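Visitor: coords_7.cif is the file, holding mmCIF, C-alpha atoms and all ligand atoms:
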```cif
data_structure
#
loop_
_atom_site.label_atom_id
_atom_site.label_comp_id
_atom_site.auth_asym_id
_atom_site.auth_seq_id
_atom_site.Cartn_x
_atom_site.Cartn_y
_atom_site.Cartn_z
CA MET A 1 171.53 34.95 -66.63
CA LYS A 2 168.47 34.47 -64.42
CA ASP A 3 167.81 31.27 -62.43
CA ASN A 4 164.56 30.82 -64.34
CA TYR A 5 162.81 32.43 -67.26
CA TYR A 6 159.14 31.86 -66.49
CA LEU A 7 157.12 31.76 -69.69
CA ASP A 8 154.27 29.56 -68.46
CA ASN A 9 151.74 32.14 -67.30
CA ALA A 10 148.95 30.44 -69.25
CA ALA A 11 149.30 27.51 -66.82
CA THR A 12 149.44 29.77 -63.79
CA THR A 13 150.75 33.29 -63.28
CA LEU A 14 154.06 33.63 -61.43
CA PRO A 15 154.84 35.69 -59.48
CA LYS A 16 151.67 37.09 -57.96
CA PRO A 17 151.65 40.73 -56.82
CA GLU A 18 153.45 40.96 -53.47
CA SER A 19 150.27 42.25 -51.77
CA VAL A 20 148.52 38.95 -52.62
CA TYR A 21 151.11 36.85 -50.76
CA GLN A 22 151.09 39.28 -47.84
CA PHE A 23 147.34 39.55 -47.43
CA MET A 24 146.81 35.78 -47.74
CA ASP A 25 149.34 35.24 -44.97
CA SER A 26 148.15 38.00 -42.65
CA PHE A 27 144.43 37.40 -43.12
CA TYR A 28 144.73 33.64 -42.64
CA ARG A 29 146.72 34.22 -39.45
CA SER A 30 144.27 36.76 -38.05
CA HIS A 31 140.97 35.47 -39.51
CA GLY A 32 141.52 31.81 -40.39
CA VAL A 33 138.15 30.92 -38.90
CA ASN A 34 135.10 29.25 -40.40
CA PRO A 35 133.10 32.10 -41.94
CA GLY A 36 129.33 32.12 -41.83
CA ARG A 37 129.28 29.31 -39.29
CA ALA A 38 129.65 31.23 -36.03
CA GLY A 39 128.52 34.64 -34.81
CA HIS A 40 131.80 35.68 -33.20
CA VAL A 41 133.60 38.76 -34.35
CA LEU A 42 136.32 36.97 -36.32
CA ALA A 43 133.77 34.89 -38.25
CA VAL A 44 131.74 38.01 -39.04
CA GLU A 45 134.86 39.85 -40.25
CA ALA A 46 135.92 36.90 -42.38
CA GLU A 47 132.44 36.77 -43.89
CA THR A 48 132.65 40.52 -44.58
CA MET A 49 135.88 39.98 -46.53
CA ILE A 50 134.14 37.27 -48.59
CA VAL A 51 131.11 39.46 -49.28
CA GLU A 52 133.40 42.30 -50.38
CA THR A 53 135.26 39.95 -52.69
CA ARG A 54 132.01 38.81 -54.31
CA ARG A 55 131.12 42.47 -54.80
CA MET A 56 134.48 43.39 -56.32
CA LEU A 57 134.38 40.42 -58.69
CA ALA A 58 130.83 41.30 -59.78
CA GLN A 59 132.02 44.82 -60.64
CA PHE A 60 135.20 43.53 -62.26
CA PHE A 61 133.13 41.36 -64.61
CA GLY A 62 130.41 43.97 -65.30
CA PHE A 63 127.74 41.95 -63.50
CA SER A 64 125.00 44.14 -62.04
CA GLY A 65 123.08 41.20 -60.53
CA ASP A 66 123.07 40.04 -56.91
CA PRO A 67 126.71 39.55 -55.75
CA ASN A 68 125.51 36.38 -53.99
CA ARG A 69 125.40 34.96 -57.49
CA VAL A 70 129.20 35.17 -57.55
CA VAL A 71 129.86 31.62 -56.38
CA PHE A 72 133.23 30.27 -55.24
CA THR A 73 134.49 26.88 -56.37
CA GLN A 74 137.88 25.17 -56.49
CA ASN A 75 138.80 26.22 -60.03
CA ALA A 76 137.34 26.66 -63.51
CA THR A 77 137.05 22.91 -63.99
CA ASP A 78 134.87 22.66 -60.92
CA SER A 79 132.81 25.65 -62.10
CA MET A 80 132.33 24.25 -65.62
CA ASN A 81 131.28 20.83 -64.32
CA THR A 82 128.82 22.56 -61.98
CA ALA A 83 127.36 24.71 -64.76
CA LEU A 84 127.02 21.92 -67.30
CA SER A 85 125.87 19.03 -65.18
CA GLY A 86 123.56 21.34 -63.25
CA THR A 87 121.65 22.52 -66.30
CA LEU A 88 121.69 19.93 -69.10
CA VAL A 89 119.14 17.12 -69.15
CA PRO A 90 118.60 14.18 -71.52
CA GLY A 91 117.48 15.32 -74.97
CA ASP A 92 119.19 18.72 -74.67
CA HIS A 93 121.62 20.03 -77.27
CA LEU A 94 124.95 21.55 -76.23
CA ILE A 95 127.26 23.58 -78.48
CA ILE A 96 130.95 23.88 -77.69
CA THR A 97 133.98 24.68 -79.86
CA ARG A 98 136.97 22.68 -80.99
CA THR A 99 139.22 25.16 -79.12
CA GLU A 100 137.93 24.04 -75.72
CA HIS A 101 140.07 22.85 -72.86
CA ASN A 102 139.41 19.39 -71.39
CA SER A 103 137.52 21.12 -68.58
CA VAL A 104 134.77 21.55 -71.20
CA LEU A 105 135.50 18.69 -73.60
CA ARG A 106 135.38 15.96 -70.99
CA PRO A 107 132.22 17.07 -69.19
CA ALA A 108 130.60 17.45 -72.64
CA ASN A 109 131.78 13.97 -73.68
CA HIS A 110 130.37 12.48 -70.49
CA LEU A 111 127.05 14.27 -70.96
CA GLU A 112 126.90 12.94 -74.51
CA ARG A 113 127.75 9.38 -73.53
CA ASP A 114 126.02 9.12 -70.15
CA ARG A 115 123.12 11.59 -70.27
CA ASP A 116 121.96 11.52 -73.87
CA VAL A 117 122.89 15.15 -74.52
CA ARG A 118 123.66 15.91 -78.20
CA VAL A 119 126.92 17.83 -78.57
CA THR A 120 128.03 19.99 -81.52
CA ARG A 121 131.69 20.98 -81.67
CA LEU A 122 132.18 24.13 -83.76
CA SER A 123 135.21 24.27 -86.03
CA ARG A 124 137.71 27.11 -86.08
CA ASP A 125 139.88 28.71 -88.74
CA GLU A 126 143.66 28.51 -89.00
CA GLN A 127 144.17 31.30 -86.48
CA GLY A 128 141.73 29.76 -84.02
CA TYR A 129 138.59 31.86 -84.57
CA ILE A 130 135.16 30.28 -84.80
CA ASP A 131 132.75 31.33 -87.55
CA PRO A 132 129.72 33.13 -86.08
CA ASN A 133 127.62 31.87 -89.02
CA GLU A 134 128.40 28.27 -88.11
CA LEU A 135 127.27 29.04 -84.57
CA ARG A 136 124.06 30.67 -85.82
CA ASP A 137 123.28 27.65 -88.01
CA ALA A 138 124.03 25.16 -85.23
CA ILE A 139 121.54 26.62 -82.73
CA GLY A 140 118.21 24.80 -82.73
CA PRO A 141 115.09 24.55 -80.58
CA LYS A 142 116.73 22.07 -78.22
CA THR A 143 119.98 24.01 -77.75
CA ARG A 144 120.20 24.57 -74.04
CA ALA A 145 123.72 25.99 -73.82
CA VAL A 146 126.60 27.36 -75.88
CA VAL A 147 130.04 27.18 -74.28
CA ILE A 148 132.75 29.44 -75.67
CA ASN A 149 136.40 29.41 -74.73
CA HIS A 150 137.04 33.15 -74.76
CA GLY A 151 140.82 32.82 -75.21
CA SER A 152 142.55 29.71 -76.51
CA ASN A 153 145.19 28.38 -74.15
CA VAL A 154 147.09 26.97 -77.16
CA LEU A 155 146.75 29.52 -79.95
CA GLY A 156 145.96 32.66 -78.00
CA ALA A 157 143.03 33.50 -80.32
CA VAL A 158 140.30 35.51 -78.57
CA GLN A 159 136.75 34.95 -79.80
CA ASP A 160 134.45 37.83 -80.73
CA LEU A 161 132.14 37.77 -77.73
CA GLU A 162 130.15 40.80 -78.95
CA GLU A 163 129.02 38.93 -82.03
CA ILE A 164 128.61 35.61 -80.22
CA GLY A 165 126.61 37.27 -77.43
CA ARG A 166 124.31 38.87 -80.01
CA ILE A 167 123.69 35.56 -81.78
CA VAL A 168 123.04 33.53 -78.64
CA GLY A 169 121.01 36.40 -77.14
CA GLU A 170 118.46 36.08 -79.94
CA THR A 171 117.73 32.49 -78.89
CA ASP A 172 116.64 30.64 -75.75
CA ALA A 173 120.08 29.08 -75.27
CA MET A 174 122.31 30.25 -72.45
CA LEU A 175 125.82 31.52 -73.08
CA ILE A 176 128.53 30.07 -70.85
CA VAL A 177 131.99 31.63 -71.22
CA ASP A 178 135.30 30.14 -70.10
CA THR A 179 137.40 33.19 -69.18
CA CYS A 180 140.49 31.31 -67.94
CA GLN A 181 142.89 32.89 -70.41
CA THR A 182 141.30 36.33 -70.65
CA ALA A 183 140.13 37.30 -67.14
CA GLY A 184 142.64 39.78 -65.79
CA VAL A 185 143.86 40.77 -69.26
CA ILE A 186 140.78 41.75 -71.27
CA ALA A 187 137.82 43.62 -69.78
CA ILE A 188 134.72 41.41 -69.90
CA ASP A 189 131.36 43.11 -69.40
CA MET A 190 128.99 40.29 -68.58
CA ASP A 191 125.82 42.40 -68.76
CA ARG A 192 126.66 44.07 -72.03
CA LEU A 193 127.84 40.89 -73.72
CA GLY A 194 124.82 38.88 -72.59
CA ILE A 195 126.84 36.22 -70.79
CA ASP A 196 124.60 33.97 -68.68
CA VAL A 197 127.28 32.05 -66.82
CA LEU A 198 130.85 33.31 -66.55
CA VAL A 199 133.43 30.75 -65.43
CA PHE A 200 136.75 31.86 -63.97
CA THR A 201 139.78 30.36 -62.32
CA GLY A 202 141.62 32.31 -59.66
CA HIS A 203 145.26 31.41 -60.25
CA LYS A 204 145.90 32.69 -63.78
CA GLY A 205 145.34 36.29 -64.92
CA LEU A 206 143.29 37.09 -61.82
CA PHE A 207 146.50 36.71 -59.77
CA GLY A 208 144.91 34.68 -56.97
CA PRO A 209 146.25 31.41 -55.62
CA MET A 210 145.47 27.89 -56.81
CA GLY A 211 142.44 26.14 -55.38
CA ILE A 212 140.01 29.01 -55.89
CA GLY A 213 137.74 29.72 -58.86
CA GLY A 214 134.15 30.55 -59.40
CA LEU A 215 131.18 31.27 -61.57
CA LEU A 216 128.85 34.24 -61.95
CA VAL A 217 125.28 33.23 -62.62
CA ARG A 218 122.82 35.64 -64.17
CA GLU A 219 119.37 35.99 -62.55
CA GLY A 220 116.92 33.59 -64.17
CA ILE A 221 119.53 30.86 -64.71
CA GLU A 222 119.15 28.14 -62.12
CA ILE A 223 121.93 25.57 -61.73
CA ALA A 224 121.15 22.40 -59.76
CA SER A 225 123.34 21.85 -56.68
CA PRO A 226 126.32 19.68 -57.59
CA ARG A 227 126.70 18.43 -54.02
CA PHE A 228 124.94 18.80 -50.75
CA GLY A 229 126.21 19.71 -47.31
CA GLY A 230 126.74 22.33 -44.66
CA THR A 231 126.19 25.99 -45.40
CA GLY A 232 126.03 27.51 -41.93
CA VAL A 233 122.49 28.77 -42.69
CA ASP A 234 119.12 26.98 -42.70
CA SER A 235 120.71 24.01 -40.95
CA ILE A 236 117.32 22.56 -40.00
CA THR A 237 116.31 22.25 -43.69
CA PRO A 238 116.91 18.67 -44.88
CA PHE A 239 117.88 19.75 -48.40
CA GLN A 240 120.38 22.15 -49.91
CA PRO A 241 119.05 25.74 -49.78
CA ASP A 242 117.91 27.09 -53.17
CA THR A 243 119.40 30.51 -52.59
CA TYR A 244 122.78 31.61 -53.94
CA PRO A 245 125.60 31.21 -53.08
CA HIS A 246 124.69 28.33 -50.74
CA ARG A 247 122.93 26.45 -53.52
CA LEU A 248 126.32 25.87 -55.15
CA GLU A 249 128.67 26.25 -52.17
CA ALA A 250 128.40 23.25 -49.85
CA GLY A 251 131.09 22.94 -47.19
CA THR A 252 133.72 25.32 -45.89
CA VAL A 253 135.03 27.81 -48.45
CA SER A 254 138.72 28.62 -48.89
CA ILE A 255 139.57 31.66 -46.77
CA PRO A 256 143.18 31.80 -48.07
CA GLY A 257 141.94 31.47 -51.65
CA ILE A 258 139.30 34.18 -51.36
CA ALA A 259 141.72 36.43 -49.44
CA GLY A 260 144.15 36.06 -52.34
CA LEU A 261 141.49 37.06 -54.86
CA HIS A 262 140.48 39.94 -52.58
CA ALA A 263 144.02 41.36 -52.48
CA ALA A 264 144.44 40.81 -56.22
CA GLN A 265 141.25 42.75 -56.94
CA LYS A 266 142.60 45.65 -54.88
CA TRP A 267 145.90 45.38 -56.73
CA PHE A 268 144.09 45.69 -60.10
CA ALA A 269 142.32 48.81 -58.85
CA GLU A 270 145.63 50.32 -57.68
CA VAL A 271 147.34 49.59 -61.00
CA GLY A 272 144.38 51.19 -62.76
CA ARG A 273 144.40 54.31 -60.59
CA ALA A 274 148.13 54.70 -61.21
CA GLN A 275 147.24 54.81 -64.92
CA ASP A 276 144.18 57.01 -64.53
CA PRO A 277 143.70 58.70 -61.13
CA THR A 278 140.19 59.89 -62.10
CA GLN A 279 138.93 56.28 -61.80
CA THR A 280 137.56 56.22 -58.28
CA GLU A 281 135.15 53.29 -58.70
CA HIS A 282 136.45 49.70 -58.60
CA ALA A 283 135.11 48.78 -62.05
CA GLY A 284 136.58 51.81 -63.81
CA ALA A 285 139.94 51.47 -62.06
CA CYS A 286 140.11 47.78 -63.02
CA CYS A 287 139.28 48.58 -66.66
CA ALA A 288 142.17 51.07 -66.70
CA ALA A 289 144.42 48.37 -65.23
CA LEU A 290 143.36 45.83 -67.85
CA ALA A 291 144.01 48.27 -70.69
CA HIS A 292 147.54 48.73 -69.32
CA ILE A 293 148.15 45.00 -68.69
CA GLU A 294 146.90 44.12 -72.16
CA THR A 295 149.28 46.65 -73.73
CA VAL A 296 152.25 45.30 -71.78
CA GLU A 297 151.43 41.68 -72.66
CA ARG A 298 150.77 42.51 -76.31
CA GLY A 299 154.22 44.09 -76.54
CA HIS A 300 155.72 40.83 -75.29
CA ILE A 301 153.74 38.58 -77.61
CA VAL A 302 154.38 40.68 -80.70
CA ALA A 303 158.14 40.65 -79.99
CA LEU A 304 158.10 36.95 -79.22
CA SER A 305 156.05 35.77 -82.17
CA GLU A 306 157.89 38.04 -84.65
CA GLY A 307 161.22 36.85 -83.22
CA LEU A 308 160.33 33.16 -83.50
CA LYS A 309 158.75 33.46 -86.94
CA ALA A 310 162.04 34.83 -88.27
CA ILE A 311 163.90 31.63 -87.29
CA ASP A 312 164.41 28.96 -89.99
CA GLY A 313 162.57 25.73 -89.29
CA VAL A 314 160.29 27.24 -86.62
CA LYS A 315 156.54 27.15 -87.14
CA VAL A 316 154.42 29.47 -85.03
CA TYR A 317 150.71 28.63 -84.70
CA GLY A 318 147.73 30.93 -84.20
CA PRO A 319 147.02 34.61 -84.85
CA ASN A 320 149.52 37.34 -85.66
CA GLY A 321 150.65 39.62 -82.86
CA ASN A 322 148.17 42.32 -83.76
CA GLN A 323 145.05 40.21 -84.14
CA ARG A 324 142.43 39.65 -81.38
CA ARG A 325 144.53 37.56 -79.04
CA VAL A 326 146.14 37.05 -75.64
CA ALA A 327 149.84 36.56 -74.91
CA THR A 328 149.89 32.80 -75.37
CA MET A 329 151.53 31.21 -78.39
CA THR A 330 152.80 27.83 -79.47
CA PHE A 331 155.49 26.76 -81.88
CA ASN A 332 157.35 23.72 -83.15
CA ILE A 333 160.72 23.08 -84.73
CA ASP A 334 160.50 21.02 -87.94
CA GLY A 335 160.68 17.32 -87.27
CA VAL A 336 161.45 17.58 -83.55
CA PRO A 337 158.98 16.29 -80.95
CA ALA A 338 157.59 19.16 -78.89
CA ASP A 339 158.38 17.51 -75.56
CA GLN A 340 162.04 17.20 -76.56
CA ILE A 341 162.20 20.96 -77.24
CA GLY A 342 160.40 21.69 -73.97
CA ALA A 343 162.87 19.50 -72.03
CA MET A 344 165.88 21.18 -73.66
CA LEU A 345 164.55 24.67 -73.05
CA ASP A 346 164.22 23.71 -69.41
CA ALA A 347 167.50 21.83 -68.93
CA ASP A 348 169.83 23.94 -71.07
CA TYR A 349 168.28 27.40 -71.02
CA ALA A 350 166.33 27.57 -67.70
CA ILE A 351 163.15 28.38 -69.61
CA CYS A 352 159.85 27.26 -68.06
CA ALA A 353 157.64 26.53 -71.07
CA ARG A 354 154.96 23.90 -71.52
CA ALA A 355 155.19 21.27 -74.21
CA GLY A 356 152.41 18.85 -75.10
CA LEU A 357 148.72 18.98 -75.92
CA HIS A 358 147.89 21.59 -73.25
CA CYS A 359 144.67 19.76 -72.31
CA ALA A 360 143.19 20.87 -75.65
CA PRO A 361 143.47 17.78 -77.87
CA LEU A 362 141.08 18.95 -80.60
CA VAL A 363 143.25 22.00 -81.31
CA HIS A 364 146.15 19.65 -81.98
CA GLU A 365 144.02 17.27 -84.05
CA ASP A 366 143.08 20.21 -86.28
CA GLU A 367 146.63 21.53 -86.40
CA GLY A 368 148.05 18.08 -87.19
CA THR A 369 150.44 18.29 -84.24
CA VAL A 370 149.38 15.20 -82.27
CA ALA A 371 152.14 13.07 -83.87
CA GLN A 372 154.72 15.69 -82.85
CA ASN A 373 153.49 15.35 -79.26
CA GLY A 374 151.77 18.71 -79.52
CA SER A 375 153.62 22.00 -79.53
CA VAL A 376 155.70 24.16 -77.23
CA ARG A 377 153.77 26.90 -75.50
CA LEU A 378 155.25 30.21 -74.40
CA SER A 379 153.09 32.54 -72.37
CA PRO A 380 154.57 35.80 -71.13
CA GLY A 381 152.70 37.70 -68.46
CA TYR A 382 152.54 41.14 -66.92
CA PHE A 383 155.75 40.53 -64.93
CA THR A 384 157.73 39.23 -67.92
CA ASP A 385 160.51 41.57 -69.02
CA GLU A 386 162.42 42.23 -72.22
CA GLU A 387 165.35 40.14 -71.04
CA ASP A 388 163.03 37.10 -70.79
CA ILE A 389 161.80 37.60 -74.33
CA ALA A 390 165.28 38.16 -75.76
CA HIS A 391 166.62 35.07 -73.96
CA VAL A 392 163.82 32.86 -75.29
CA ILE A 393 164.27 34.02 -78.88
CA GLU A 394 168.06 33.46 -78.73
CA SER A 395 167.60 30.04 -77.12
CA VAL A 396 165.07 28.83 -79.68
CA GLU A 397 167.32 30.11 -82.47
CA GLU A 398 170.26 28.15 -81.07
CA LEU A 399 168.13 25.01 -80.64
CA ALA A 400 166.65 25.26 -84.13
CA GLY A 401 170.16 25.70 -85.53
CA MET A 402 171.11 22.31 -84.05
CA TYR A 403 168.26 20.53 -85.86
CA VAL A 404 167.57 22.42 -89.05
CA GLU A 405 170.01 22.08 -91.96
C1 LIG A 501 141.08 27.80 -71.43
C2 LIG A 501 141.13 27.05 -70.13
N1 LIG A 501 140.00 26.56 -69.60
C3 LIG A 501 140.00 25.89 -68.44
C4 LIG A 501 141.16 25.68 -67.73
C5 LIG A 501 141.09 24.93 -66.45
O1 LIG A 501 141.49 25.71 -65.37
P1 LIG A 501 141.66 25.04 -63.94
O2 LIG A 501 142.69 23.94 -64.12
O3 LIG A 501 142.16 26.12 -63.06
O4 LIG A 501 140.35 24.48 -63.57
C6 LIG A 501 142.36 26.17 -68.23
C7 LIG A 501 143.62 25.91 -67.52
O5 LIG A 501 144.64 25.56 -68.06
C8 LIG A 501 142.35 26.87 -69.46
O6 LIG A 501 143.48 27.37 -69.99
#
```
Would you write out, as structure tokens, the structure that this file holds?
Guide:
Amino acid sequence: MKDNYYLDNAATTLPKPESVYQFMDSFYRSHGVNPGRAGHVLAVEAETMIVETRRMLAQFFGFSGDPNRVVFTQNATDSMNTALSGTLVPGDHLIITRTEHNSVLRPANHLERDRDVRVTRLSRDEQGYIDPNELRDAIGPKTRAVVINHGSNVLGAVQDLEEIGRIVGETDAMLIVDTCQTAGVIAIDMDRLGIDVLVFTGHKGLFGPMGIGGLLVREGIEIASPRFGGTGVDSITPFQPDTYPHRLEAGTVSIPGIAGLHAAQKWFAEVGRAQDPTQTEHAGACCAALAHIETVERGHIVALSEGLKAIDGVKVYGPNGNQRRVATMTFNIDGVPADQIGAMLDADYAICARAGLHCAPLVHEDEGTVAQNGSVRLSPGYFTDEEDIAHVIESVEELAGMYVE
């Protein structure tokens, strides 16, 4: 019996690769200075680490534009607010989906209520996939942006970005993609897919720490500064510089956060080279790593969802194991509130799961699970093992047996 069975990687990955903890600690001790503000050697070296991290992330996400357009923020929520409030003006039309997280739903609701932006919320099918034809029909002359949640943090369904990118690419609208649940698991080629703004958070599949996220902004897309302040450059200018990244990065950036992402990027490349030693470039090595990580996680989710589906009284939501998906799934036990199951899994079986609405209320409205206080989410990760999966299946079976006649 382990102390904890961590099945909450959709909330944040745990553990991180050892090299991430080590580099964050050592770099912050040796270079915990204010980068870009002073000309001394430590500040220059810290800035070099940041520049390298922007470069690695650009390659990781298939972005051939200026790495200065890889902007650091606090998290995906911060990035999404920046992207939306910095581009949409009164009279604009915004398209989102009913699978979005509150980091999209709430900014969209505020824009609709406070800035006279019209919002369309695309429906999804039982598995969680949107219909590309509904998207095509929804786009009009005033559509300024389409926001797509690449991977649902409730159902695990992964949207078809190829098709979506093609549809949006034929119009003047910009495509903003929330990669929170897919970055670090599925290779995303921003150039090829025609993504205009890619939003990421550092602490999930990217294996960085909390408090760091970002956005990649394609050339030609200009986002208004969300806040104004020090940048360490152009200090005499009374207004925020127009150039990236300073346009969107006011104030001191997080050296520990960026150092964590830096080490994690190197870890991805190492994992990839262990799979395929011919991959000498960062992008290729990371793609090899993602193919491996995706296979490992798919094994877990197939075993988990098949195991739970076989239990009487258990309902599993979302796609089948083999459909386009990530390793996040939710379930309920007939007639039992989800939070009660979550609390028992924690107290009696040492399982860290997440019960509730998962910050995605429209998914639960559509599923009819609001009255059951949502559903119980299980999200294995790369470091999950077979013992974790077996323990969860046995525990849910025992729990269901207590409730279901
Ligand atoms: C799909 C999705 N989008 C956005 C977010 C928000 O991420 P953060 O809280 O790091 O800003 C999450 C986190 O749960 C998520 O799963």
Visitor: Which is closest to ligand LIG 501 (chain A) among A:Ala259, A:Met344, A:Ile176, A:Ala360, if we use all atoms listed in the file?
Guide: A:Ala360
Visitor: List the neighbours of region 298-308 of chain A out to 10 Å using all atoms listed in the file; skip same-chain residues closer than 3 positions along the sequence, and give me the result as a PyMOL selection string.
Guide: chain A and resi 156+292-295+311-323+325-332+378-382+384-386+388-390+392-394+396-397
Visitor: Report, in Å to a single decimal, how far apart CA of Val147 (chain A) and CA of Glu170 (chain A) are.
Guide: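 Going from CA of Glu170 (chain A) over to CA of Val147 (chain A), I get 15.7 Å.
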Visitor: Hey, can you check how far CA of Asp66 (chain A) sits from CA of Val51 (chain A)?
Guide: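 According to the coordinates, CA of Asp66 (chain A) and CA of Val51 (chain A) are separated by 11.1 Å.
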Visitor: What is the distance, in Å and to one decimal place, between CA of Gln159 (chain A) and CA of Ala10 (chain A)?
Guide: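 Computing the Euclidean distance for CA of Gln159 (chain A) and CA of Ala10 (chain A) yields 16.7 Å.
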Visitor: How about completing region 92-108 of chain A with N, CA and C atoms and giving it to me as a PDB file, in the coordinates of the input?
Guide:
```
ATOM      1  N   ASP A  92     118.703  17.364 -74.401  1.00  0.00           N
ATOM      2  CA  ASP A  92     119.190  18.720 -74.670  1.00  0.00           C
ATOM      3  C   ASP A  92     120.303  18.692 -75.714  1.00  0.00           C
ATOM      4  N   HIS A  93     120.532  19.845 -76.328  1.00  0.00           N
ATOM      5  CA  HIS A  93     121.620  20.030 -77.270  1.00  0.00           C
ATOM      6  C   HIS A  93     122.607  21.023 -76.689  1.00  0.00           C
ATOM      7  N   LEU A  94     123.887  20.695 -76.754  1.00  0.00           N
ATOM      8  CA  LEU A  94     124.950  21.550 -76.230  1.00  0.00           C
ATOM      9  C   LEU A  94     125.904  21.891 -77.364  1.00  0.00           C
ATOM     10  N   ILE A  95     126.273  23.172 -77.460  1.00  0.00           N
ATOM     11  CA  ILE A  95     127.260  23.580 -78.480  1.00  0.00           C
ATOM     12  C   ILE A  95     128.530  24.014 -77.761  1.00  0.00           C
ATOM     13  N   ILE A  96     129.640  23.439 -78.199  1.00  0.00           N
ATOM     14  CA  ILE A  96     130.950  23.880 -77.690  1.00  0.00           C
ATOM     15  C   ILE A  96     131.829  24.158 -78.919  1.00  0.00           C
ATOM     16  N   THR A  97     133.099  24.439 -78.703  1.00  0.00           N
ATOM     17  CA  THR A  97     133.980  24.680 -79.860  1.00  0.00           C
ATOM     18  C   THR A  97     135.157  23.706 -79.815  1.00  0.00           C
ATOM     19  N   ARG A  98     135.819  23.585 -80.944  1.00  0.00           N
ATOM     20  CA  ARG A  98     136.970  22.680 -80.990  1.00  0.00           C
ATOM     21  C   ARG A  98     138.218  23.329 -80.365  1.00  0.00           C
ATOM     22  N   THR A  99     138.076  24.544 -79.817  1.00  0.00           N
ATOM     23  CA  THR A  99     139.220  25.160 -79.120  1.00  0.00           C
ATOM     24  C   THR A  99     139.130  24.913 -77.616  1.00  0.00           C
ATOM     25  N   GLU A 100     138.107  24.165 -77.175  1.00  0.00           N
ATOM     26  CA  GLU A 100     137.930  24.040 -75.720  1.00  0.00           C
ATOM     27  C   GLU A 100     139.043  23.236 -75.053  1.00  0.00           C
ATOM     28  N   HIS A 101     139.179  23.559 -73.782  1.00  0.00           N
ATOM     29  CA  HIS A 101     140.070  22.850 -72.860  1.00  0.00           C
ATOM     30  C   HIS A 101     139.327  21.582 -72.397  1.00  0.00           C
ATOM     31  N   ASN A 102     140.063  20.616 -71.882  1.00  0.00           N
ATOM     32  CA  ASN A 102     139.410  19.390 -71.390  1.00  0.00           C
ATOM     33  C   ASN A 102     138.405  19.653 -70.264  1.00  0.00           C
ATOM     34  N   SER A 103     138.506  20.803 -69.633  1.00  0.00           N
ATOM     35  CA  SER A 103     137.520  21.120 -68.580  1.00  0.00           C
ATOM     36  C   SER A 103     136.131  21.334 -69.180  1.00  0.00           C
ATOM     37  N   VAL A 104     136.058  21.490 -70.499  1.00  0.00           N
ATOM     38  CA  VAL A 104     134.770  21.550 -71.200  1.00  0.00           C
ATOM     39  C   VAL A 104     134.574  20.264 -72.016  1.00  0.00           C
ATOM     40  N   LEU A 105     135.640  19.860 -72.720  1.00  0.00           N
ATOM     41  CA  LEU A 105     135.500  18.690 -73.600  1.00  0.00           C
ATOM     42  C   LEU A 105     135.057  17.449 -72.836  1.00  0.00           C
ATOM     43  N   ARG A 106     135.704  17.207 -71.710  1.00  0.00           N
ATOM     44  CA  ARG A 106     135.380  15.960 -70.990  1.00  0.00           C
ATOM     45  C   ARG A 106     133.996  15.986 -70.359  1.00  0.00           C
ATOM     46  N   PRO A 107     133.605  17.063 -69.671  1.00  0.00           N
ATOM     47  CA  PRO A 107     132.220  17.070 -69.190  1.00  0.00           C
ATOM     48  C   PRO A 107     131.221  16.914 -70.347  1.00  0.00           C
ATOM     49  N   ALA A 108     131.515  17.554 -71.487  1.00  0.00           N
ATOM     50  CA  ALA A 108     130.600  17.450 -72.640  1.00  0.00           C
ATOM     51  C   ALA A 108     130.568  16.000 -73.148  1.00  0.00           C
TER      52      ALA A 108
END
```
